[in-house]
Amino acid sequence: MEAAALVAPVTAVQFIQDLFLLTGEGPVLTVYSLEPRPKASASLSVLQHYRIHGVRPRRQDAVTAQKKHGLSSTTGPNFYDLAVFGGKAVRLVRLHVGLQDGDQFHLEVLGPLMELQDWALDVRWLSGDKHSLLCVALAHNSALLLDVNTGTALVQRSCLEGCLLYSALLLVHESWADVVLVGGTVFNQLVVWKPGGGDRGGDSYSKCKAPVERRLLGHSGVIFNISYLQERGWLASASDDRSVRVWGVGVLGGPGGKCGDLNPACLRVLYGHQARVFSVRLSPGKVFSAGEDGACLVWDWAAGGKVVRTLKGHRAGGVRSLAVSEGTEEERWVATGGADGGVRLWRLQGTEEKTEEAVTDKLTDLKFPGHSLPKVVCVAGEEDENESWSQSKIVACTDQGNIYQYSNGTWENLWQGTPDFHSYCVMETVCINVKDSTAKVNLCAVGNLSGSIQVFPISQPHAGILLSGGSGKIHSLIWKEGGAGMCLLASGAEGLVYRWCVEVKLNDNQSLALNANPLLPFLLPPCGKRWLLAALCLHSRSQGALWVCGDRRGSLLLYQEGGEVAPKKGDDAQAYEGEEEENIRDGVGKSSIMEQRKNSEVHELQLQPLSCLFGVHGKQGVTSVCEYGGLLYSSGRDGCVRVFRVQQTPREKPEENSKNIAEKTVGNHEQLQLEVLRVQRACKGMEWLEKVMILQPEIPEEEEAREEGENHSKTGGEDVQAENEAREARFVIAGFHAVHFVVWDPVRQERLFAVPCGGGHRSWVLWPSHKRVWPGYGALVFIKHGAVLASHPPGEEASWAGRTGRTGGWGLREGIHGKGVGCVCRLGMIEGRGCDSVIQTTASVTETERKVVERERGHWEVLVTGGEDTSLTVLAVHPNSGNIKVLSVITDHISSVRTVTAIKHAGGESVHQSQSLSTLLFSAGGRAQMQCYRLLIGWDQQRLIPSCQVIQVASHRLDEQWERKRNRHKTVKMDPETRYMSIVVVDERADCVLLALACSDGAVRLFSVNEGKHRIDLLWETFHHKRCVLSVATCSLEDGKGNRYKLLFSAATDGKIAVWDLTDASSSKDTSIDAPTPPTPCLDIPAHQSGINSLAVCAEELGLEEGGCLVTVASGGDDGQLTVSTIRVQYPEDRQTGGSRGLSQISQPEFQPQNQLQLHLHRHMDIPLAHASPITAVKLLTPGLVVSTSSDQRVCLWRVSSTGISHRETLCSHVADAAGLSVWEGQMMDSEEGDENTIFEAEEISVCGEGIEAGLETERKSTEAEKAGRLRTSDERGGETGNQTHTDSVVKREGDGKDCCESRKKREKTGWVLVCGQGLQLLRVPNTDTWTEGRIKREKNRKMNHTVKVTLQEKSKYVESENNSGPE
């Protein structure tokens, strides 16, 4: 086995000047280049099975300085020597920069892995030595001087206080005598001592313990990290007590090893984190700290220790490592590594670092004048992209119909309404281009109770026009860009939405003139609250202009320009005629009368909705509708965001739309419908949602500009039916949570923006609101208690969130799950395409980038993971490069996700289907919740990675089902703490899918999922086990006549496996709730002494003479035992004929009917101590090859034969707390290509013949261990017969493997093993059929796997030389 990809907590980050960033993830060292844009450059596994906890660079004297935008032009290659440490290991690695063969960066291992006898907490280079000497701080409060050339310890010195250290900091200078160590003890103290102090003569030097020079007290928890700033003499410590303390210690280290002030004082105690603080860094004016709450806080020393920036971006689990570049106070890099496996990068500038109190706590009162009360507030001029917050103008409308504008700190009365506008008015502003000019003007529209709408330019209020929107109340006004220009939508009485296309012209006298051309009004469906709240215009080549609207009833509506119209009825038509006659009597001009007549003729026709999703957002209304990337997003006051699309469906099925009275067909063959894909809920308590804003993908700037250019070129000409190019984007939700206005990230489950405004039911505007994209900063203007308030002073720039325009900085590596990954499921394979076109069309592609594109050519494996953070993540893994992309994150579960399974589309991995994949995904977990999704996986031509569209099918919870039951007062309500432990697909039908679930309340439940009806029904439940059921598995059988049979296996905490015959249940056509009673088990197998965590089942058909089949059941339990049981299955037809010779010696149970399957335990084998801890997952890679994993971080391969279970290989995984496995056999691939493309060269393991030839981490097992599998049979003679048959089949498989040995030289079949736990690791099992080759690979990696044990010299020559050269 060999590692192909790894996602683990990033435990080390380190800058090399402002040019490179080094990260440690497990044993893998990765280098990122920061110029001209951040990107990954090289990666190498260096510490074998140890995690990297630190990297200490030492630049060689021959290395010349690099320029800012390129490498140096010296002839020789530049390089950096790196000391990489973690656990009990230290290794020397060299980073080569500017190679001549096209690769700009290359990592090389210089020496063997040096294993220490204690944990290394810190490593530093001695700056004055000519040899390669490292000073190492150890966990038991001792220090070591290490010669990396020989791998020997020259000196080791312990402190007199020999306690355990949680952290250590070494301050070194030129020699061992100058070293000072600061340790954070288990007793919550900081101790300062000198390893090189005291009398250094004689052999007793190393045995003599050094005293403690200084002791710093104050923390109430252990100390995780220490940082020292030599310029100021400050020492900072991060602690378990959620605090950061800054101490004034004076000068530490330097010549002579100074220990600072005698009485160091605590200068500041910084409390701001909500959990433990893991890391701290110091700069001359700032303190940087990061912790378990997932935030990196930037503290301003001059501002009294206040938080000036909060850097977030990681998912749950916290920040494990922190690095701050040298830089300057005006500009520096900050990098964080998370427990989710992500790496994030920020570019901080001094002008941005302003305190966040003005945003979160302090509000600015804009001092609204006059005796009237403001009712509506807007921001004018915000549509101009160049308009800044300081230049924006705030417009407010009062209850007296007066319009005021706030600019430059003063209010100005723009327009005074007539008495018709008193007591009630609605207002909306927009920025519009002047026709035949480059100028822009702000328009304001005000509506009243009588249906009048005044539209005027804010700069010239007298140049306004008066529009009529019926005779009733104007409920809402909406400005939207339409097909013909800027459109004004006015929602009037009786569900009519009047529309005008407004144009602004410039007269000869430089005054503005407005022209409003009426459009056909929309007719809303009949309901109690019949007015519009949101609208959006879509442009389609085939369908023209489409309007998607949301009303106060919570419905989503679809209209089409030029669609089917209906004449106006009732009193409104008469009102137009009466109004015209009244105008003639009042002496209104003839031209004005003709214009009004034209308007009335237009308004007499009404556009009917093509499609209506009635009340989809509840009864409180739809608040916003937006479009991005070909999909639509709507928000409502039901606390949900709905992702939907405009779908073209055939017209030949009118009965499907008979329930919707508002739907009308379009054309003769197709009709347009709104289809909801999925629903995203906000956080608990956030029900009043207001809008959706998109988070831009975190891709390099050049690619981002290219993608935006392509998107802009497609705007206005893209068909709404282009499903293949539509993909769901990451978005944030703006709304009200209690008394705060909040911008919420549903994926990372964190607030990005919060203002205490008092809650909903108030007029507000978020700047900048014209952008569909959340820029990472903003300002809120709202009305509260008759005052106009702003979260940020209008005279200042709202730039506190950074100029990068990104909420979480740059995502160099995206995280997956911050907490443990409990389950994983493979969906299939996607073949990459489009790489050749990118290489040919992009002239600026460098040789390195070209190699990256070519390396990522080929197939991607698509996976789904479920974690303790209640989320599902759809991933794409490229096995050759180890690249991992997050395609989608689903956060619908309210508790942890324990199990997932999927049904792949038929032919999904064939040659013709390799570009797309359609799967039905099922997930289940805590709170007895089950979700079903349809995942559409395709290929993104722009980003050159797979894309995923999630369609929500159905959801189910047991307590919700209990609420729908009749006579529920006679039954006991289901326990809300019931958890689904395992899920398996029993049968797939044309109309539904049958699922079996293992439940923690002791039940095995059978569900039916109907995708067409979006329903999940409980068919039956049985409490046979009477204990927590941990795992279920299924097996499909088919006899010679084509009859199909279904077996279900369930395992519980009592160590028994129950076998169920579900043939009748799967063949029954009745999937209603009143289905037949559950069956009884056919067989019980006592397999373990305690709980069985995992089951794996496969079947093998016997010959015609034998009849029936053998079913192999592999199980792993809490007792650490691996058990393989073989069940003999006899078909009913075989018992009637002569095909029962294999069971002639076996007693048949009397209770089994003749028309059912007959099951018999044929063979039972086990290995008692297969793992050192409970086995958490077992899978069958091939019928004779079992893969198991455990929390001991070992992945084992076992060969199962008729004579027993033999161990084949063990690989120590880098994933802690392994909880799940997924195995599959991959495509035929070139073995040489696979070897070259893997980046984890040190992890390669090859198996030769029947023995194991392993590199790093492979444990060689003895013959006794291989024979440890015990063999038990229920019947001696019957067992012999079965063994002979099974042996024949095994020999046949091995013979087939030998036949393909000749072709194996070119191509081989590869097996894949994916381990999940505290991260993910993909392992490659080469040549699963033949188990040969690998000697060349072992020779190649012998240098990588070389390890030396560090020993202490009896008499240190280094100490003697220092004594001779030291001062007298």
# chains A, B, ... in the order shown; residues from 1 in each chain; ligands from 1
call {"tool": "residues_around", "arguments": {"residues": "Pro419 (chain A)", "least_positions_apart": "5", "cutoff": "10 Å", "atoms": "only C-alpha atoms", "output": "short mmCIF file (atom, residue, chain, number, x, y, z; two decimals) with N, CA, C and O atoms, in the first residue's frame"}}
result
data_model
loop_
_atom_site.label_atom_id
_atom_site.label_comp_id
_atom_site.auth_asym_id
_atom_site.auth_seq_id
_atom_site.Cartn_x
_atom_site.Cartn_y
_atom_site.Cartn_z
N GLN A 400 -44.79 62.12 6.69
CA GLN A 400 -45.46 63.25 6.06
C GLN A 400 -45.23 63.32 4.56
O GLN A 400 -45.62 64.30 3.92
N GLY A 401 -44.55 62.30 4.02
CA GLY A 401 -44.30 62.29 2.59
C GLY A 401 -43.15 63.14 2.14
O GLY A 401 -43.05 63.47 0.95
N ASN A 448 -48.12 55.93 -2.87
CA ASN A 448 -49.01 56.28 -1.77
C ASN A 448 -50.21 55.35 -1.74
O ASN A 448 -50.27 54.33 -2.43
#
call {"tool": "residues_around", "arguments": {"residues": "region 1183-1185 of chain A", "least_positions_apart": "6", "cutoff": "6 Å", "atoms": "only C-alpha atoms", "output": "number ranges by chain"}}
result
A: 1198-1200
call {"tool": "residues_around", "arguments": {"residues": "Val334 (chain A)", "least_positions_apart": "2", "cutoff": "6 Å", "atoms": "only C-alpha atoms", "output": "list of chain:residue names"}}
result
A:Ala323, A:Val324, A:Leu345, A:Trp346
call {"tool": "write_last_selection", "arguments": {"atoms": "C-alpha atoms", "output": "tab-separated table (two decimals), in the first residue's frame"}}
result
chain	number	residue	atom	x	y	z
A	323	ALA	CA	2.65	32.03	11.39
A	324	VAL	CA	3.33	35.74	10.87
A	345	LEU	CA	-3.47	33.24	4.08
A	346	TRP	CA	-4.09	36.92	4.80
call {"tool": "residues_around", "arguments": {"residues": "Cys1316 (chain A)", "least_positions_apart": "3", "cutoff": "8 Å", "atoms": "only C-alpha atoms", "output": "number ranges by chain"}}
result
A: 821-824, 1215, 1218-1221, 1319-1321
call {"tool": "residues_around", "arguments": {"residues": "region 1023-1025 of chain A", "least_positions_apart": "4", "cutoff": "12 Å", "atoms": "only C-alpha atoms", "output": "PyMOL selection string"}}
result
chain A and resi 998-1005+1029-1031+1049-1060+1078-1084+1091
call {"tool": "residues_around", "arguments": {"residues": "Val985 (chain A)", "least_positions_apart": "6", "cutoff": "8 Å", "atoms": "only C-alpha atoms", "output": "ChimeraX atom specification"}}
result
/A:901-903,993-996,1034
call {"tool": "select_by_dssp", "arguments": {"residues": "region 747-786 of chain A", "states": "strand (DSSP E)", "output": "count of residues only"}}
result
17
call {"tool": "residues_around", "arguments": {"residues": "Arg681 (chain A)", "least_positions_apart": "6", "cutoff": "10 Å", "atoms": "only C-alpha atoms", "output": "list in words"}}
result
Ser635, Asp638, Gly639, Cys640, Val641, Arg642, Glu687, Leu689, Ile733, Pro746, Thr891 and Asp892 of chain A
call {"tool": "write_last_selection", "arguments": {"atoms": "N, CA, C and O atoms", "output": "PDB file, in the first residue's frame"}}
result
ATOM      1  N   SER A 635     -34.742  33.858  -0.644  1.00  0.00           N
ATOM      2  CA  SER A 635     -34.763  33.843   0.817  1.00  0.00           C
ATOM      3  C   SER A 635     -36.143  34.259   1.289  1.00  0.00           C
ATOM      4  O   SER A 635     -36.854  35.004   0.602  1.00  0.00           O
ATOM      5  N   ASP A 638     -39.194  32.316   6.508  1.00  0.00           N
ATOM      6  CA  ASP A 638     -39.316  30.989   7.109  1.00  0.00           C
ATOM      7  C   ASP A 638     -37.972  30.433   7.545  1.00  0.00           C
ATOM      8  O   ASP A 638     -37.880  29.274   7.948  1.00  0.00           O
ATOM      9  N   GLY A 639     -36.901  31.245   7.453  1.00  0.00           N
ATOM     10  CA  GLY A 639     -35.575  30.809   7.865  1.00  0.00           C
ATOM     11  C   GLY A 639     -34.854  29.947   6.857  1.00  0.00           C
ATOM     12  O   GLY A 639     -33.876  29.287   7.215  1.00  0.00           O
ATOM     13  N   CYS A 640     -35.300  29.946   5.602  1.00  0.00           N
ATOM     14  CA  CYS A 640     -34.730  29.054   4.591  1.00  0.00           C
ATOM     15  C   CYS A 640     -34.300  29.835   3.360  1.00  0.00           C
ATOM     16  O   CYS A 640     -34.904  30.843   2.998  1.00  0.00           O
ATOM     17  N   VAL A 641     -33.248  29.327   2.737  1.00  0.00           N
ATOM     18  CA  VAL A 641     -32.824  29.754   1.409  1.00  0.00           C
ATOM     19  C   VAL A 641     -33.083  28.590   0.472  1.00  0.00           C
ATOM     20  O   VAL A 641     -32.667  27.455   0.745  1.00  0.00           O
ATOM     21  N   ARG A 642     -33.762  28.870  -0.632  1.00  0.00           N
ATOM     22  CA  ARG A 642     -34.071  27.834  -1.605  1.00  0.00           C
ATOM     23  C   ARG A 642     -33.280  28.067  -2.885  1.00  0.00           C
ATOM     24  O   ARG A 642     -33.280  29.172  -3.408  1.00  0.00           O
ATOM     25  N   GLU A 687     -34.729  33.184  11.768  1.00  0.00           N
ATOM     26  CA  GLU A 687     -35.866  32.868  10.916  1.00  0.00           C
ATOM     27  C   GLU A 687     -36.137  33.960   9.890  1.00  0.00           C
ATOM     28  O   GLU A 687     -36.656  33.688   8.816  1.00  0.00           O
ATOM     29  N   LEU A 689     -34.963  35.925   7.287  1.00  0.00           N
ATOM     30  CA  LEU A 689     -33.886  36.108   6.323  1.00  0.00           C
ATOM     31  C   LEU A 689     -34.260  37.200   5.339  1.00  0.00           C
ATOM     32  O   LEU A 689     -35.429  37.351   4.969  1.00  0.00           O
ATOM     33  N   ILE A 733     -25.877  34.350   4.134  1.00  0.00           N
ATOM     34  CA  ILE A 733     -27.258  34.734   4.366  1.00  0.00           C
ATOM     35  C   ILE A 733     -27.284  35.956   5.259  1.00  0.00           C
ATOM     36  O   ILE A 733     -26.640  35.977   6.317  1.00  0.00           O
ATOM     37  N   PRO A 746     -23.376  29.684   6.277  1.00  0.00           N
ATOM     38  CA  PRO A 746     -23.954  28.396   6.692  1.00  0.00           C
ATOM     39  C   PRO A 746     -22.976  27.233   6.634  1.00  0.00           C
ATOM     40  O   PRO A 746     -23.203  26.223   7.297  1.00  0.00           O
ATOM     41  N   THR A 891     -25.471  21.057   4.815  1.00  0.00           N
ATOM     42  CA  THR A 891     -25.564  21.255   6.268  1.00  0.00           C
ATOM     43  C   THR A 891     -27.002  21.127   6.746  1.00  0.00           C
ATOM     44  O   THR A 891     -27.474  21.924   7.547  1.00  0.00           O
ATOM     45  N   ASP A 892     -27.716  20.122   6.262  1.00  0.00           N
ATOM     46  CA  ASP A 892     -29.112  19.945   6.643  1.00  0.00           C
ATOM     47  C   ASP A 892     -29.290  19.124   7.910  1.00  0.00           C
ATOM     48  O   ASP A 892     -30.360  19.166   8.522  1.00  0.00           O
TER      49      ASP A 892
END
call {"tool": "closest_residue", "arguments": {"among": "A:Leu532, A:Leu519, A:Val643, A:Leu558", "to": "Glu627 (chain A)", "atoms": "only C-alpha atoms"}}
result
A:Val643
